[in-house]
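For reference, work15.pdb (PDB, C-alpha atoms):
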ATOM      1  CA  ALA A 116     100.215 175.695 109.334  1.00  0.00           C
ATOM      2  CA  ALA A 117      97.240 176.908 111.402  1.00  0.00           C
ATOM      3  CA  GLY A 118      95.544 173.532 111.094  1.00  0.00           C
ATOM      4  CA  ALA A 119      93.106 174.644 108.410  1.00  0.00           C
ATOM      5  CA  ARG A 120      91.968 172.371 105.579  1.00  0.00           C
ATOM      6  CA  PRO A 121      92.596 174.114 102.247  1.00  0.00           C
ATOM      7  CA  ILE A 122      89.514 174.199 100.040  1.00  0.00           C
ATOM      8  CA  ALA A 123      89.944 176.805  97.283  1.00  0.00           C
ATOM      9  CA  MET A 124      92.338 179.097  95.454  1.00  0.00           C
ATOM     10  CA  THR A 125      92.246 182.038  93.073  1.00  0.00           C
ATOM     11  CA  ASP A 126      95.108 183.306  90.922  1.00  0.00           C
ATOM     12  CA  TYR A 127      96.234 186.608  89.433  1.00  0.00           C
ATOM     13  CA  LEU A 128      98.410 186.658  86.318  1.00  0.00           C
ATOM     14  CA  VAL A 129     100.024 189.746  84.789  1.00  0.00           C
ATOM     15  CA  VAL A 130     101.668 189.425  81.368  1.00  0.00           C
ATOM     16  CA  GLY A 131     103.132 191.756  78.814  1.00  0.00           C
ATOM     17  CA  SER A 132     101.512 189.843  75.973  1.00  0.00           C
ATOM     18  CA  LEU A 133      99.125 186.920  75.558  1.00  0.00           C
ATOM     19  CA  GLN A 134     100.944 185.748  72.426  1.00  0.00           C
ATOM     20  CA  GLY A 135     102.214 182.173  72.647  1.00  0.00           C
ATOM     21  CA  ASP A 136     101.250 179.563  75.219  1.00  0.00           C
ATOM     22  CA  THR A 137     102.958 180.986  78.333  1.00  0.00           C
ATOM     23  CA  ALA A 138      99.698 181.952  80.056  1.00  0.00           C
ATOM     24  CA  ASN A 139      98.120 178.576  79.323  1.00  0.00           C
ATOM     25  CA  ARG A 140     101.147 176.731  80.684  1.00  0.00           C
ATOM     26  CA  LEU A 141     101.167 178.835  83.848  1.00  0.00           C
ATOM     27  CA  ILE A 142      97.473 178.320  84.602  1.00  0.00           C
ATOM     28  CA  ALA A 143      97.766 174.596  83.821  1.00  0.00           C
ATOM     29  CA  SER A 144     100.582 174.402  86.371  1.00  0.00           C
ATOM     30  CA  VAL A 145      98.475 176.173  89.005  1.00  0.00           C
ATOM     31  CA  ALA A 146      95.567 173.834  88.285  1.00  0.00           C
ATOM     32  CA  ALA A 147      97.803 170.771  88.632  1.00  0.00           C
ATOM     33  CA  ALA A 148      99.071 171.972  92.017  1.00  0.00           C
ATOM     34  CA  CYS A 149      95.501 172.607  93.161  1.00  0.00           C
ATOM     35  CA  ALA A 150      94.564 169.049  92.167  1.00  0.00           C
ATOM     36  CA  THR A 151      97.492 167.725  94.201  1.00  0.00           C
ATOM     37  CA  ALA A 152      96.402 169.768  97.217  1.00  0.00           C
ATOM     38  CA  GLY A 153      92.765 168.738  96.811  1.00  0.00           C
ATOM     39  CA  VAL A 154      91.465 172.284  96.375  1.00  0.00           C
ATOM     40  CA  ALA A 155      89.276 173.953  93.747  1.00  0.00           C
ATOM     41  CA  LEU A 156      90.698 176.639  91.463  1.00  0.00           C
ATOM     42  CA  LEU A 157      87.681 178.925  91.584  1.00  0.00           C
ATOM     43  CA  GLY A 158      88.909 181.512  89.118  1.00  0.00           C
ATOM     44  CA  GLY A 159      91.240 184.432  88.838  1.00  0.00           C
ATOM     45  CA  GLU A 160      92.271 187.491  86.898  1.00  0.00           C
ATOM     46  CA  THR A 161      94.539 187.850  83.876  1.00  0.00           C
ATOM     47  CA  ALA A 162      95.847 191.319  83.102  1.00  0.00           C
ATOM     48  CA  VAL A 163      97.796 192.341  79.997  1.00  0.00           C
ATOM     49  CA  HIS A 164     100.095 195.267  80.808  1.00  0.00           C
ATOM     50  CA  ALA A 165     101.528 195.954  77.366  1.00  0.00           C
ATOM     51  CA  GLY A 166     104.198 198.628  77.428  1.00  0.00           C
ATOM     52  CA  VAL A 167     104.693 198.229  81.171  1.00  0.00           C
ATOM     53  CA  VAL A 168     105.588 194.537  81.365  1.00  0.00           C
ATOM     54  CA  GLU A 169     107.903 193.064  78.727  1.00  0.00           C
ATOM     55  CA  ASP A 170     106.322 190.625  76.274  1.00  0.00           C
ATOM     56  CA  ASP A 171     108.191 187.620  77.688  1.00  0.00           C
ATOM     57  CA  ALA A 172     107.747 188.576  81.362  1.00  0.00           C
ATOM     58  CA  PHE A 173     104.967 187.739  83.799  1.00  0.00           C
ATOM     59  CA  ASP A 174     103.942 188.090  87.440  1.00  0.00           C
ATOM     60  CA  LEU A 175     101.889 185.363  89.098  1.00  0.00           C
ATOM     61  CA  ALA A 176     100.206 185.525  92.499  1.00  0.00           C
ATOM     62  CA  GLY A 177      97.515 183.586  94.301  1.00  0.00           C
ATOM     63  CA  ALA A 178      95.335 183.467  97.394  1.00  0.00           C
ATOM     64  CA  ALA A 179      94.200 180.291  99.145  1.00  0.00           C
ATOM     65  CA  LEU A 180      91.189 179.731 101.395  1.00  0.00           C
ATOM     66  CA  GLY A 181      91.073 177.171 104.200  1.00  0.00           C
ATOM     67  CA  VAL A 182      88.731 176.294 107.044  1.00  0.00           C
ATOM     68  CA  VAL A 183      89.322 175.130 110.601  1.00  0.00           C
ATOM     69  CA  GLU A 184      86.801 174.573 113.364  1.00  0.00           C
ATOM     70  CA  ASP A 185      86.814 177.237 116.060  1.00  0.00           C
ATOM     71  CA  GLY A 186      88.984 176.047 118.936  1.00  0.00           C
ATOM     72  CA  ARG A 187      90.940 173.581 116.803  1.00  0.00           C
ATOM     73  CA  GLN A 188      93.462 176.043 115.411  1.00  0.00           C
ATOM     74  CA  VAL A 189      97.096 174.966 115.676  1.00  0.00           C
ATOM     75  CA  ASP A 190      98.829 178.147 116.802  1.00  0.00           C
ATOM     76  CA  GLY A 191     101.765 176.749 118.788  1.00  0.00           C
ATOM     77  CA  SER A 192     100.374 177.784 122.168  1.00  0.00           C
ATOM     78  CA  ARG A 193     100.260 174.145 123.307  1.00  0.00           C
ATOM     79  CA  ILE A 194     103.919 173.479 122.536  1.00  0.00           C
ATOM     80  CA  ARG A 195     105.717 172.486 125.746  1.00  0.00           C
ATOM     81  CA  PRO A 196     109.187 171.344 126.870  1.00  0.00           C
ATOM     82  CA  GLY A 197     109.718 167.697 126.031  1.00  0.00           C
ATOM     83  CA  ASP A 198     107.813 167.805 122.744  1.00  0.00           C
ATOM     84  CA  SER A 199     109.459 166.254 119.687  1.00  0.00           C
ATOM     85  CA  VAL A 200     110.048 168.002 116.363  1.00  0.00           C
ATOM     86  CA  VAL A 201     109.328 165.813 113.331  1.00  0.00           C
ATOM     87  CA  ALA A 202     110.817 166.898 110.008  1.00  0.00           C
ATOM     88  CA  ILE A 203     109.292 166.227 106.601  1.00  0.00           C
ATOM     89  CA  GLY A 204     111.847 166.044 103.813  1.00  0.00           C
ATOM     90  CA  SER A 205     112.025 168.476 100.924  1.00  0.00           C
ATOM     91  CA  PRO A 206     114.035 167.458  97.832  1.00  0.00           C
ATOM     92  CA  ASN A 207     114.378 170.954  96.418  1.00  0.00           C
ATOM     93  CA  LEU A 208     114.387 174.722  96.939  1.00  0.00           C
ATOM     94  CA  ARG A 209     110.576 175.031  97.030  1.00  0.00           C
ATOM     95  CA  SER A 210     110.647 178.452  95.331  1.00  0.00           C
ATOM     96  CA  ASN A 211     112.655 180.130  98.091  1.00  0.00           C
ATOM     97  CA  GLY A 212     116.025 181.859  98.092  1.00  0.00           C
ATOM     98  CA  PHE A 213     116.163 182.935  94.464  1.00  0.00           C
ATOM     99  CA  SER A 214     117.347 186.463  95.253  1.00  0.00           C
ATOM    100  CA  LEU A 215     120.501 184.927  96.715  1.00  0.00           C
ATOM    101  CA  ILE A 216     120.755 182.421  93.851  1.00  0.00           C
ATOM    102  CA  ARG A 217     120.545 185.178  91.223  1.00  0.00           C
ATOM    103  CA  SER A 218     123.316 187.183  92.870  1.00  0.00           C
ATOM    104  CA  ALA A 219     125.604 184.313  93.869  1.00  0.00           C
ATOM    105  CA  ILE A 220     124.970 181.534  91.354  1.00  0.00           C
ATOM    106  CA  LEU A 221     123.778 182.808  87.989  1.00  0.00           C
ATOM    107  CA  PRO A 222     126.851 184.941  87.196  1.00  0.00           C
ATOM    108  CA  GLU A 223     128.980 181.775  87.437  1.00  0.00           C
ATOM    109  CA  ALA A 224     126.680 178.853  86.634  1.00  0.00           C
ATOM    110  CA  VAL A 225     125.515 178.032  83.107  1.00  0.00           C
ATOM    111  CA  LEU A 226     121.848 177.204  83.529  1.00  0.00           C
ATOM    112  CA  GLY A 227     121.668 174.932  80.510  1.00  0.00           C
ATOM    113  CA  ALA A 228     124.627 172.822  81.643  1.00  0.00           C
ATOM    114  CA  PRO A 229     124.042 169.384  83.187  1.00  0.00           C
ATOM    115  CA  PHE A 230     123.582 169.322  86.931  1.00  0.00           C
ATOM    116  CA  PRO A 231     126.389 167.247  88.513  1.00  0.00           C
ATOM    117  CA  LEU A 232     125.633 163.496  88.462  1.00  0.00           C
ATOM    118  CA  SER A 233     122.194 164.140  86.978  1.00  0.00           C
ATOM    119  CA  ASP A 234     120.344 163.900  83.660  1.00  0.00           C
ATOM    120  CA  GLU A 235     118.736 167.294  84.329  1.00  0.00           C
ATOM    121  CA  THR A 236     120.077 170.765  83.618  1.00  0.00           C
ATOM    122  CA  ILE A 237     121.019 173.181  86.377  1.00  0.00           C
ATOM    123  CA  ALA A 238     117.927 175.259  85.562  1.00  0.00           C
ATOM    124  CA  GLU A 239     115.632 172.231  85.819  1.00  0.00           C
ATOM    125  CA  VAL A 240     117.005 171.315  89.239  1.00  0.00           C
ATOM    126  CA  LEU A 241     116.778 174.873  90.561  1.00  0.00           C
ATOM    127  CA  LEU A 242     113.202 175.255  89.300  1.00  0.00           C
ATOM    128  CA  ALA A 243     111.862 171.866  90.414  1.00  0.00           C
ATOM    129  CA  PRO A 244     108.223 172.248  91.567  1.00  0.00           C
ATOM    130  CA  SER A 245     107.421 172.737  95.248  1.00  0.00           C
ATOM    131  CA  VAL A 246     106.259 169.801  97.312  1.00  0.00           C
ATOM    132  CA  VAL A 247     102.588 170.097  98.352  1.00  0.00           C
ATOM    133  CA  TYR A 248     102.206 168.892 101.957  1.00  0.00           C
ATOM    134  CA  ALA A 249      98.521 169.727 102.467  1.00  0.00           C
ATOM    135  CA  PRO A 250      97.001 166.235 102.005  1.00  0.00           C
ATOM    136  CA  ALA A 251      99.525 164.607 104.345  1.00  0.00           C
ATOM    137  CA  ILE A 252      99.180 167.245 107.049  1.00  0.00           C
ATOM    138  CA  THR A 253      95.380 167.115 106.874  1.00  0.00           C
ATOM    139  CA  THR A 254      95.526 163.354 107.496  1.00  0.00           C
ATOM    140  CA  VAL A 255      97.879 163.772 110.452  1.00  0.00           C
ATOM    141  CA  LEU A 256      95.664 166.414 112.029  1.00  0.00           C
ATOM    142  CA  ALA A 257      92.602 164.190 111.767  1.00  0.00           C
ATOM    143  CA  ALA A 258      94.221 161.415 113.799  1.00  0.00           C
ATOM    144  CA  ILE A 259      96.873 162.933 116.064  1.00  0.00           C
ATOM    145  CA  ASP A 260      96.963 165.693 118.677  1.00  0.00           C
ATOM    146  CA  VAL A 261      99.478 168.023 117.058  1.00  0.00           C
ATOM    147  CA  HIS A 262     100.914 170.891 119.127  1.00  0.00           C
ATOM    148  CA  GLY A 263     102.545 172.925 116.365  1.00  0.00           C
ATOM    149  CA  LEU A 264     103.005 173.110 112.579  1.00  0.00           C
ATOM    150  CA  VAL A 265     105.731 174.950 110.689  1.00  0.00           C
ATOM    151  CA  HIS A 266     105.863 175.505 106.933  1.00  0.00           C
ATOM    152  CA  VAL A 267     109.572 175.992 106.199  1.00  0.00           C
ATOM    153  CA  THR A 268     109.744 178.667 103.507  1.00  0.00           C
ATOM    154  CA  GLY A 269     111.838 181.836 103.208  1.00  0.00           C
ATOM    155  CA  GLY A 270     113.837 182.367 106.384  1.00  0.00           C
ATOM    156  CA  GLY A 271     114.723 178.721 106.757  1.00  0.00           C
ATOM    157  CA  ILE A 272     114.071 176.418 109.678  1.00  0.00           C
ATOM    158  CA  GLU A 273     114.971 178.848 112.453  1.00  0.00           C
ATOM    159  CA  GLY A 274     113.131 181.818 110.986  1.00  0.00           C
ATOM    160  CA  ASN A 275     109.862 179.916 110.623  1.00  0.00           C
ATOM    161  CA  LEU A 276     110.084 177.707 113.717  1.00  0.00           C
ATOM    162  CA  SER A 277     110.610 180.711 115.982  1.00  0.00           C
ATOM    163  CA  ARG A 278     107.235 182.129 114.884  1.00  0.00           C
ATOM    164  CA  VAL A 279     105.250 179.378 116.637  1.00  0.00           C
ATOM    165  CA  LEU A 280     107.299 178.784 119.802  1.00  0.00           C
ATOM    166  CA  PRO A 281     105.857 180.076 123.094  1.00  0.00           C
ATOM    167  CA  ALA A 282     108.202 182.476 124.879  1.00  0.00           C
ATOM    168  CA  VAL A 283     108.909 179.919 127.604  1.00  0.00           C
ATOM    169  CA  THR A 284     110.313 177.353 125.159  1.00  0.00           C
ATOM    170  CA  ALA A 285     113.285 176.840 122.879  1.00  0.00           C
ATOM    171  CA  ALA A 286     113.892 174.437 120.002  1.00  0.00           C
ATOM    172  CA  HIS A 287     116.913 172.172 119.605  1.00  0.00           C
ATOM    173  CA  ILE A 288     117.399 171.056 115.995  1.00  0.00           C
ATOM    174  CA  ASP A 289     120.026 168.381 115.396  1.00  0.00           C
ATOM    175  CA  ARG A 290     121.545 168.983 111.964  1.00  0.00           C
ATOM    176  CA  SER A 291     123.239 165.579 112.073  1.00  0.00           C
ATOM    177  CA  THR A 292     119.878 163.818 111.619  1.00  0.00           C
ATOM    178  CA  TRP A 293     119.744 164.495 107.868  1.00  0.00           C
ATOM    179  CA  ASN A 294     121.860 165.309 104.824  1.00  0.00           C
ATOM    180  CA  PRO A 295     120.665 168.252 102.709  1.00  0.00           C
ATOM    181  CA  PRO A 296     119.933 167.289  99.070  1.00  0.00           C
ATOM    182  CA  ALA A 297     122.577 167.841  96.415  1.00  0.00           C
ATOM    183  CA  VAL A 298     120.999 171.074  95.121  1.00  0.00           C
ATOM    184  CA  PHE A 299     121.860 172.825  98.388  1.00  0.00           C
ATOM    185  CA  ARG A 300     125.482 171.642  98.287  1.00  0.00           C
ATOM    186  CA  PHE A 301     125.704 172.874  94.700  1.00  0.00           C
ATOM    187  CA  VAL A 302     124.321 176.319  95.574  1.00  0.00           C
ATOM    188  CA  GLN A 303     126.646 176.623  98.563  1.00  0.00           C
ATOM    189  CA  GLU A 304     129.785 175.580  96.699  1.00  0.00           C
ATOM    190  CA  VAL A 305     129.232 177.661  93.559  1.00  0.00           C
ATOM    191  CA  GLY A 306     128.088 180.696  95.531  1.00  0.00           C
ATOM    192  CA  ARG A 307     130.682 180.246  98.316  1.00  0.00           C
ATOM    193  CA  ILE A 308     127.960 180.707 100.927  1.00  0.00           C
ATOM    194  CA  SER A 309     128.453 180.041 104.635  1.00  0.00           C
ATOM    195  CA  ASP A 310     126.546 177.333 106.517  1.00  0.00           C
ATOM    196  CA  ASP A 311     124.722 179.918 108.625  1.00  0.00           C
ATOM    197  CA  GLU A 312     123.613 181.880 105.566  1.00  0.00           C
ATOM    198  CA  MET A 313     122.413 178.714 103.841  1.00  0.00           C
ATOM    199  CA  PHE A 314     120.269 177.753 106.845  1.00  0.00           C
ATOM    200  CA  ARG A 315     119.013 181.337 107.179  1.00  0.00           C
ATOM    201  CA  VAL A 316     117.766 181.472 103.574  1.00  0.00           C
ATOM    202  CA  PHE A 317     116.902 177.921 102.451  1.00  0.00           C
ATOM    203  CA  ASN A 318     114.894 175.009 103.860  1.00  0.00           C
ATOM    204  CA  MET A 319     118.019 172.795 103.550  1.00  0.00           C
ATOM    205  CA  GLY A 320     115.996 169.664 102.949  1.00  0.00           C
ATOM    206  CA  ILE A 321     113.185 170.145 105.473  1.00  0.00           C
ATOM    207  CA  GLY A 322     109.954 171.512 104.035  1.00  0.00           C
ATOM    208  CA  PHE A 323     107.634 171.138 107.012  1.00  0.00           C
ATOM    209  CA  LEU A 324     107.815 170.507 110.782  1.00  0.00           C
ATOM    210  CA  VAL A 325     105.294 168.813 113.041  1.00  0.00           C
ATOM    211  CA  ILE A 326     105.632 169.356 116.796  1.00  0.00           C
ATOM    212  CA  CYS A 327     103.955 166.751 118.970  1.00  0.00           C
ATOM    213  CA  ASP A 328     104.185 164.640 122.110  1.00  0.00           C
ATOM    214  CA  PRO A 329     107.138 162.196 121.916  1.00  0.00           C
ATOM    215  CA  GLY A 330     104.714 159.284 122.128  1.00  0.00           C
ATOM    216  CA  ASP A 331     103.022 160.415 118.912  1.00  0.00           C
ATOM    217  CA  THR A 332     106.134 160.611 116.728  1.00  0.00           C
ATOM    218  CA  GLY A 333     105.750 157.046 115.454  1.00  0.00           C
ATOM    219  CA  PRO A 334     102.160 157.501 114.239  1.00  0.00           C
ATOM    220  CA  VAL A 335     103.049 160.889 112.728  1.00  0.00           C
ATOM    221  CA  ILE A 336     106.001 159.459 110.792  1.00  0.00           C
ATOM    222  CA  ASP A 337     103.977 156.442 109.659  1.00  0.00           C
ATOM    223  CA  SER A 338     101.100 158.623 108.473  1.00  0.00           C
ATOM    224  CA  LEU A 339     103.441 160.895 106.533  1.00  0.00           C
ATOM    225  CA  GLY A 340     105.111 157.851 105.003  1.00  0.00           C
ATOM    226  CA  ASP A 341     101.732 156.643 103.787  1.00  0.00           C
ATOM    227  CA  HIS A 342     101.574 159.858 101.743  1.00  0.00           C
ATOM    228  CA  GLY A 343     105.019 159.253 100.280  1.00  0.00           C
ATOM    229  CA  HIS A 344     106.954 161.661 102.505  1.00  0.00           C
ATOM    230  CA  THR A 345     110.215 160.903 104.277  1.00  0.00           C
ATOM    231  CA  ALA A 346     109.936 161.992 107.921  1.00  0.00           C
ATOM    232  CA  TRP A 347     112.121 161.713 111.010  1.00  0.00           C
ATOM    233  CA  VAL A 348     112.641 163.228 114.476  1.00  0.00           C
ATOM    234  CA  CYS A 349     115.049 166.130 113.996  1.00  0.00           C
ATOM    235  CA  GLY A 350     114.878 167.816 117.396  1.00  0.00           C
ATOM    236  CA  GLN A 351     113.039 168.558 120.579  1.00  0.00           C
ATOM    237  CA  ILE A 352     111.557 171.403 122.582  1.00  0.00           C
ATOM    238  CA  SER A 353     113.078 172.547 125.871  1.00  0.00           C
ATOM    239  CA  GLU A 354     112.593 175.355 128.328  1.00  0.00           C
ATOM    240  CA  ALA A 355     113.725 178.791 127.186  1.00  0.00           C
ATOM    241  CA  GLY A 356     117.249 179.703 128.202  1.00  0.00           C
ATOM    242  CA  ASP A 357     118.797 176.426 127.156  1.00  0.00           C
ATOM    243  CA  THR A 358     121.419 176.691 124.437  1.00  0.00           C
ATOM    244  CA  PRO A 359     119.807 175.523 121.179  1.00  0.00           C
ATOM    245  CA  GLY A 360     121.429 172.589 119.452  1.00  0.00           C
ATOM    246  CA  ARG A 361     122.704 172.985 115.904  1.00  0.00           C
TER     247      ARG A 361
END

Hey, can you dump this file as structure tokens for me?
Amino acid sequence: AAGARPIAMTDYLVVGSLQGDTANRLIASVAAACATAGVALLGGETAVHAGVVEDDAFDLAGAALGVVEDGRQVDGSRIRPGDSVVAIGSPNLRSNGFSLIRSAILPEAVLGAPFPLSDETIAEVLLAPSVVYAPAITTVLAAIDVHGLVHVTGGGIEGNLSRVLPAVTAAHIDRSTWNPPAVFRFVQEVGRISDDEMFRVFNMGIGFLVICDPGDTGPVIDSLGDHGHTAWVCGQISEAGDTPGR
């Protein structure tokens, strides 16, 4: 989201036991994601904490390295009133909001049961892998003068968008421009969660935002489409003090 090109990653895996193939499956998954992002998995650390971590439990963390030319960072400082906000679709939870899911969903939902109108189980839908946007965003940055980038993770659209907006601006996001995927409706209905809480915690179907001049929205959307992403204009930037759209 700072305009850097990701080039490498390292991982750190803590397990209670190395018995079975859990560690191999986890590292294979990390390697596959790195291949998708076009980065090298340089190495990492595996620690066995027998007696501290249960045999079937694990903790996985990672650190990524990226590079950006000095002066070409995308920090949001060039965002100005009149800019457009382009959304990139996300089909799933992208690994965010599971504290709320555990408290509101798991006591009522049977994870092995079929997800409504799907061939997958509830667990499979909730744990669907995150979308990797790096290749698409790198292509956009190489061709288009982007004013701001927002990775929509924990905290939802508002919580992450507010981090890049200059104090003199405000963002108007039009929720009528998209329909959140079925997984979000399922979580909301089973957990009886309010709209505001859903948008505060989850990405609600938008995984990334690109802020640019209105004249560049077409090329941005076309470029993202070339990478297989659904993208659309979901809002605009105005002067601070205006009442944000919902």

All residues 8 Å or closer to Gly191 in chain A, all atoms listed in the file, same chain fewer than 3 positions away omitted, as an MDAnalysis selection string: chainID A and resid 194 262:264 279:281

Pull the neighbourhood of (97.6, 173.3, 88.6) for me: all residues within 12 Å in file coordinates, counting all atoms listed in the file, as a PDB file with C-alpha atoms, in the frame of the given file.
ATOM      1  CA  MET A 124      92.338 179.097  95.454  1.00  0.00           C
ATOM      2  CA  THR A 125      92.246 182.038  93.073  1.00  0.00           C
ATOM      3  CA  ASP A 126      95.108 183.306  90.922  1.00  0.00           C
ATOM      4  CA  ASN A 139      98.120 178.576  79.323  1.00  0.00           C
ATOM      5  CA  ARG A 140     101.147 176.731  80.684  1.00  0.00           C
ATOM      6  CA  LEU A 141     101.167 178.835  83.848  1.00  0.00           C
ATOM      7  CA  ILE A 142      97.473 178.320  84.602  1.00  0.00           C
ATOM      8  CA  ALA A 143      97.766 174.596  83.821  1.00  0.00           C
ATOM      9  CA  SER A 144     100.582 174.402  86.371  1.00  0.00           C
ATOM     10  CA  VAL A 145      98.475 176.173  89.005  1.00  0.00           C
ATOM     11  CA  ALA A 146      95.567 173.834  88.285  1.00  0.00           C
ATOM     12  CA  ALA A 147      97.803 170.771  88.632  1.00  0.00           C
ATOM     13  CA  ALA A 148      99.071 171.972  92.017  1.00  0.00           C
ATOM     14  CA  CYS A 149      95.501 172.607  93.161  1.00  0.00           C
ATOM     15  CA  ALA A 150      94.564 169.049  92.167  1.00  0.00           C
ATOM     16  CA  THR A 151      97.492 167.725  94.201  1.00  0.00           C
ATOM     17  CA  ALA A 152      96.402 169.768  97.217  1.00  0.00           C
ATOM     18  CA  GLY A 153      92.765 168.738  96.811  1.00  0.00           C
ATOM     19  CA  VAL A 154      91.465 172.284  96.375  1.00  0.00           C
ATOM     20  CA  ALA A 155      89.276 173.953  93.747  1.00  0.00           C
ATOM     21  CA  LEU A 156      90.698 176.639  91.463  1.00  0.00           C
ATOM     22  CA  LEU A 157      87.681 178.925  91.584  1.00  0.00           C
ATOM     23  CA  GLY A 158      88.909 181.512  89.118  1.00  0.00           C
ATOM     24  CA  GLY A 177      97.515 183.586  94.301  1.00  0.00           C
ATOM     25  CA  PRO A 244     108.223 172.248  91.567  1.00  0.00           C
ATOM     26  CA  SER A 245     107.421 172.737  95.248  1.00  0.00           C
ATOM     27  CA  VAL A 247     102.588 170.097  98.352  1.00  0.00           C
TER      28      VAL A 247
END

For CA of Glu169 in chain A and CA of Phe213 in chain A, the interatomic separation in Å (one decimal): 20.5 Å

Which residues come within 7 Å of Ser353 in chain A, counting all atoms listed in the file, excluding same-chain residues fewer than 4 positions away, as an MDAnalysis selection string? chainID A and resid 196:197 284:286

Report the residues retrieved by the PyMOL selection byres ((chain A and resi 209-212) around 10) from the displayed file, expressed as a PyMOL selection string. chain A and resi 205-208+213-217+241-247+267-271+313+315-318+320+322

Go ahead and compute the interatomic distance for CA of Val168 in chain A and CA of Gly135 in chain A, in Å to one decimal.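 For CA of Val168 in chain A relative to CA of Gly135 in chain A, the distance reads 15.5 Å.
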
Box in all listed atoms of range 243-247 of chain A, axis-aligned, with 4 Å more on each side; write out centre and edge lengths in Å to one decimal as JSON.
{"center_x": 107.2, "center_y": 171.3, "center_z": 94.4, "size_x": 17.3, "size_y": 10.9, "size_z": 15.9}

How many Å separate CA of Leu175 in chain A from CA of Asp234 in chain A?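 Calculated distance between CA of Leu175 in chain A and CA of Asp234 in chain A is 28.8 Å.
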
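With all atoms listed in the file as the basis for measurement, A:Ala202 is the residue among A:Ala172, A:Glu239, A:Ala355, A:Ala202 that approaches Arg290 in chain A most closely.
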
Need the neighbours of (100.1, 169.7, 103.0): which residues are at most 9 Å away, counting only C-alpha atoms, as a ChimeraX atom specification? /A:116,120-121,152,246-253,323

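Nearest residue to Met319 in chain A among A:Ser199, A:Gln134, A:Thr345, A:Asn294 is A:Asn294, counting only C-alpha atoms.
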
Tell me which protein, DNA and RNA residues are within 8 Å of Leu128 in chain A, counting all atoms listed in the file, leaving out same-chain ones fewer than 3 positions away, and put them as number ranges by chain. A: 138, 159-162, 173-176

Could you state which residues are captured by the PyMOL selection byres ((chain A and resi 181) around 8) in this file, as a list in words?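 Applying the PyMOL selection byres ((chain A and resi 181) around 8) to the structure shown produces Ala119, Arg120, Pro121, Ile122, Ala123, Ala179, Leu180, Val182 and Val183 of chain A.
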
Would you mind completing range 259-270 of chain A to N, CA and C atoms and writing the output as a compact mmCIF listing (two decimals), in the frame of the given file?
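As written to disk, selection36.txt reads:
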# COMPACT_ATOMS: atom_id res chain seq x y z
N ILE A 259 95.86 162.74 115.03
CA ILE A 259 96.87 162.93 116.06
C ILE A 259 96.77 164.33 116.67
N ASP A 260 97.00 164.42 117.96
CA ASP A 260 96.96 165.69 118.68
C ASP A 260 98.28 166.44 118.45
N VAL A 261 98.28 167.28 117.44
CA VAL A 261 99.48 168.02 117.06
C VAL A 261 99.55 169.34 117.84
N HIS A 262 100.74 169.67 118.33
CA HIS A 262 100.91 170.89 119.13
C HIS A 262 101.38 172.08 118.30
N GLY A 263 102.05 171.82 117.18
CA GLY A 263 102.54 172.92 116.36
C GLY A 263 102.87 172.48 114.96
N LEU A 264 102.70 173.37 113.98
CA LEU A 264 103.00 173.11 112.58
C LEU A 264 103.84 174.26 112.04
N VAL A 265 104.85 173.92 111.25
CA VAL A 265 105.73 174.95 110.69
C VAL A 265 105.96 174.66 109.22
N HIS A 266 105.59 175.60 108.37
CA HIS A 266 105.86 175.50 106.93
C HIS A 266 107.20 176.19 106.71
N VAL A 267 108.22 175.44 106.33
CA VAL A 267 109.57 175.99 106.20
C VAL A 267 109.72 176.61 104.82
N THR A 268 109.63 177.93 104.76
CA THR A 268 109.74 178.67 103.51
C THR A 268 110.90 179.64 103.64
N GLY A 269 110.77 180.86 103.09
CA GLY A 269 111.84 181.84 103.21
C GLY A 269 112.15 182.15 104.66
N GLY A 270 113.42 182.17 105.00
CA GLY A 270 113.84 182.37 106.38
C GLY A 270 114.34 181.09 107.01
